[in-house]
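Visitor: Quick one: structure below, then a few questions.
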Amino acid sequence: MSKTIFITGANRGLGFESARRLTDLGHTVLVGARDRDQGLAAAARLRARFVPIDVADDESTANAAADVAAHEGHIDVLINNAGIAGTMAAADELTGEDATLVFNTNTISIVRVTSAFLPLLRRGDAPVVVNVTSGVGSAALTHDETRAESQLIAPLYAASKAAVTMLTTQYAKALTDMRFNAVDPGYTATDLNGHTGPQTVTEGTDAIVTLATEDASAGTGRVIDRYGPLPW
């Protein structure tokens, strides 16, 4: 069954590749992006519709939801993908302003966008929210010396993604009329890391596509990567 899917940060990287794959599967994908020129270009390549959204801004997010309400009337899947790495400054040089920027974009935006799009999701078919988290926000993985996640020190990014995972599981418990799941794409070559990740962008979107298209019986409150469930 074809779904209507809204993806934030869909103009490049994991968001764009997710949009490409889901469009190829026959779904209607709405390309959410902050930069108008990049968003329009991505939508044209995907034969999709561009919806401007700055996930860090209340008014922009509300306008995006109103845009979708006026055109599609509903969505079946919301993919909260937009995010930033933030500063790579040493831990003893971090500032409150640094933290505010990262958490507003990576974590608070999920509350902002989800709240704005809840009415549209509730008009959809078996609605699901997919939140893009990261293994570097996992206490289990960052303490496992055999894992690459244990080698990265990025306090703000890691903490913001740990919060994304907890938000996901809490939403899953609180809003039982839809599903909330989180996905760790894995260390993927994207602009976010200067294309240093060993995974291709297609491999990095495997779990995103899975959560966006799986049967409703798959469940809620889960955290997975492309290989299966993750410890947290």
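Here, A, B, ... name the chains of the structure tokens in the order displayed, residue numbers run from 1 inside each chain, and ligands are numbered from 1 in the same displayed order.
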DSSP on the backbone: which residues in segment 17-194 of chain A end up as alpha helix (DSSP H)? Give the answer as a PyMOL selection string.

Guide: chain A and resi 17-24+36-46+58-71+96-103+109-121+139-142+155-174

Visitor: List the spatial neighbours of segment 177-187 of chain A as a PyMOL selection string - criterion: any atom at most 9 Å away, only C-alpha atoms, same-chain residues fewer than 6 positions off excluded.

Guide: chain A and resi 14+121-122+126-135+148-149+164-165+168-171+193+196-201+203-208+211+216+219-226+230

Visitor: Hey, can you check how far atom CA of Ala33 of chain A sits from atom CA of Gly9 of chain A?

Guide: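 Taking atom CA of Ala33 of chain A and atom CA of Gly9 of chain A, their separation equals 4.9 Å.
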
Visitor: Return the single residue from A:Thr95, A:Asn81, A:Gln38, A:Ser2 that is closest to Asp24 of chain A, with distances computed using only C-alpha atoms.

Guide: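 The answer is A:Ser2, which sits nearest to Asp24 of chain A.
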
Visitor: Can you work out which one of A:Gln151, A:Thr213, A:Thr8, A:Thr87 has the shortest atom-to-atom distance to Gly26 of chain A, counting only C-alpha atoms?

Guide: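 Of A:Gln151, A:Thr213, A:Thr8, A:Thr87, the one nearest Gly26 of chain A is A:Thr213, counting only C-alpha atoms.
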
Visitor: Measuring between only C-alpha atoms, which one of A:Gly73, A:Pro119, A:Gly83, A:Gly32 shows the shortest distance to Pro52 of chain A?

Guide: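 The answer is A:Gly32, which sits nearest to Pro52 of chain A.
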
Visitor: Could you give me, as a list in words, each residue of segment 96-190 of chain A that DSSP assigns to strand (DSSP E) when run on this structure's backbone?

Guide: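 Output for segment 96-190 of chain A, strand (DSSP E) only: Val128, Val129, Val130, Asn131, Val132, Arg179, Phe180, Asn181, Ala182 and Val183 of chain A.
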
Visitor: Give me the residues near Glu97 of chain A as a list in words, where near means some atom within 12 Å (using only C-alpha atoms) and where sequence neighbours in that chain fewer than 4 positions away do not count.

Guide: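 In the requested form, the answer reads Gly86, Thr87, Glu93, Leu101, Val102, Phe103, Asn104 and Leu156 of chain A.
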
Visitor: Within 8 Å of Ala159 of chain A, counting only C-alpha atoms, which residues show up once you throw out same-chain ones fewer than 4 positions away? Write them as number ranges by chain, please.

Guide: A: 137, 155, 163

Visitor: Can I get the selection written as a compact mmCIF listing (two decimals), in the first residue's frame, with N, CA and C atoms?

Guide:
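Listed below is the output, out.txt:
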# COMPACT_ATOMS: atom_id res chain seq x y z
N GLY A 137 24.82 7.70 20.91
CA GLY A 137 23.97 8.08 22.04
C GLY A 137 23.60 6.91 22.90
N PRO A 155 30.41 15.18 23.12
CA PRO A 155 29.43 15.24 24.20
C PRO A 155 28.04 15.75 23.80
N ALA A 163 18.99 11.55 23.98
CA ALA A 163 17.69 12.13 24.27
C ALA A 163 16.66 11.79 23.20

Visitor: To one decimal in Å, tell me the separation between atom CA of Arg36 of chain A and atom CA of Asp67 of chain A.

Guide: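 These two atoms are separated by 14.6 Å.
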
Visitor: With distances taken over only C-alpha atoms, which residue among A:Tyr157, A:Phe6, A:Phe117, A:Phe16 lies nearest Thr61 of chain A?

Guide: A:Phe117

Visitor: A:Lys161, A:Gly39, A:Trp232, A:Arg20: which is nearest His143 of chain A, counting only C-alpha atoms?

Guide: A:Trp232

Visitor: Just checking: using only C-alpha atoms, which residue out of A:Ala172, A:Leu22, A:Val111, A:Val136 ends up closest to Ala85 of chain A?

Guide: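 Using only C-alpha atoms, Ala85 of chain A sits closest to A:Val136.
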
Visitor: Please identify all polymer residues within 12 Å of Glu72 of chain A, counting only C-alpha atoms, omitting same-chain residues fewer than 5 positions from it, and present them as a list in words.

Guide: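 These residues fall inside the cut-off: Lys3, Thr4, Ile5, Phe6, Thr28, Val29, Leu30, Arg49, Val51, Ala64, Ala65, Ala66, Asp67, Leu120, Leu121, Arg123 and Gly124 of chain A.
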
Visitor: Mind giving me the straight-line distance from atom CA of Asn63 of chain A to atom CA of Ala44 of chain A in Å, one decimal?

Guide: 21.3 Å

Visitor: Excluding Thr105 of chain A and residues on its chain fewer than 4 positions from it, collect all residues at most 8 Å away from it, counting only C-alpha atoms, and give them as a ChimeraX atom specification.

Guide: /A:55-56,82-84,101,109

Visitor: Store the residues of this selection in a file with all heavy atoms, as a PDB file, in the first residue's frame.

Guide:
ATOM      1  N   VAL A  55      13.362  23.028  11.059  1.00  0.00           N
ATOM      2  CA  VAL A  55      12.891  22.272  12.225  1.00  0.00           C
ATOM      3  C   VAL A  55      13.260  22.944  13.542  1.00  0.00           C
ATOM      4  O   VAL A  55      12.731  22.584  14.601  1.00  0.00           O
ATOM      5  CB  VAL A  55      13.427  20.824  12.213  1.00  0.00           C
ATOM      6  CG1 VAL A  55      12.974  20.092  10.960  1.00  0.00           C
ATOM      7  CG2 VAL A  55      14.954  20.792  12.363  1.00  0.00           C
ATOM      8  N   ALA A  56      14.158  23.923  13.504  1.00  0.00           N
ATOM      9  CA  ALA A  56      14.562  24.629  14.714  1.00  0.00           C
ATOM     10  C   ALA A  56      13.699  25.852  14.982  1.00  0.00           C
ATOM     11  O   ALA A  56      13.958  26.591  15.934  1.00  0.00           O
ATOM     12  CB  ALA A  56      16.030  25.045  14.611  1.00  0.00           C
ATOM     13  N   ALA A  82      16.335  15.421  10.121  1.00  0.00           N
ATOM     14  CA  ALA A  82      17.206  16.597  10.144  1.00  0.00           C
ATOM     15  C   ALA A  82      18.040  16.643  11.423  1.00  0.00           C
ATOM     16  O   ALA A  82      17.554  16.351  12.510  1.00  0.00           O
ATOM     17  CB  ALA A  82      16.375  17.862  10.017  1.00  0.00           C
ATOM     18  N   GLY A  83      19.312  16.997  11.270  1.00  0.00           N
ATOM     19  CA  GLY A  83      20.184  17.094  12.434  1.00  0.00           C
ATOM     20  C   GLY A  83      21.526  17.699  12.068  1.00  0.00           C
ATOM     21  O   GLY A  83      21.860  17.830  10.888  1.00  0.00           O
ATOM     22  N   ILE A  84      22.278  18.073  13.081  1.00  0.00           N
ATOM     23  CA  ILE A  84      23.605  18.647  12.874  1.00  0.00           C
ATOM     24  C   ILE A  84      24.607  17.970  13.796  1.00  0.00           C
ATOM     25  O   ILE A  84      24.236  17.419  14.838  1.00  0.00           O
ATOM     26  CB  ILE A  84      23.626  20.168  13.132  1.00  0.00           C
ATOM     27  CG1 ILE A  84      23.222  20.484  14.587  1.00  0.00           C
ATOM     28  CG2 ILE A  84      22.740  20.898  12.130  1.00  0.00           C
ATOM     29  CD1 ILE A  84      23.409  21.934  14.963  1.00  0.00           C
ATOM     30  N   LEU A 101      22.186  25.097  20.495  1.00  0.00           N
ATOM     31  CA  LEU A 101      22.079  24.896  19.056  1.00  0.00           C
ATOM     32  C   LEU A 101      21.897  23.424  18.708  1.00  0.00           C
ATOM     33  O   LEU A 101      21.012  23.054  17.930  1.00  0.00           O
ATOM     34  CB  LEU A 101      23.328  25.444  18.362  1.00  0.00           C
ATOM     35  CG  LEU A 101      23.401  25.240  16.842  1.00  0.00           C
ATOM     36  CD1 LEU A 101      22.260  25.952  16.143  1.00  0.00           C
ATOM     37  CD2 LEU A 101      24.747  25.713  16.301  1.00  0.00           C
ATOM     38  N   SER A 109      13.644  19.695  18.197  1.00  0.00           N
ATOM     39  CA  SER A 109      12.939  19.721  16.910  1.00  0.00           C
ATOM     40  C   SER A 109      11.998  18.540  16.757  1.00  0.00           C
ATOM     41  O   SER A 109      10.956  18.650  16.098  1.00  0.00           O
ATOM     42  CB  SER A 109      13.940  19.732  15.759  1.00  0.00           C
ATOM     43  OG  SER A 109      14.619  18.485  15.664  1.00  0.00           O
TER      44      SER A 109
END
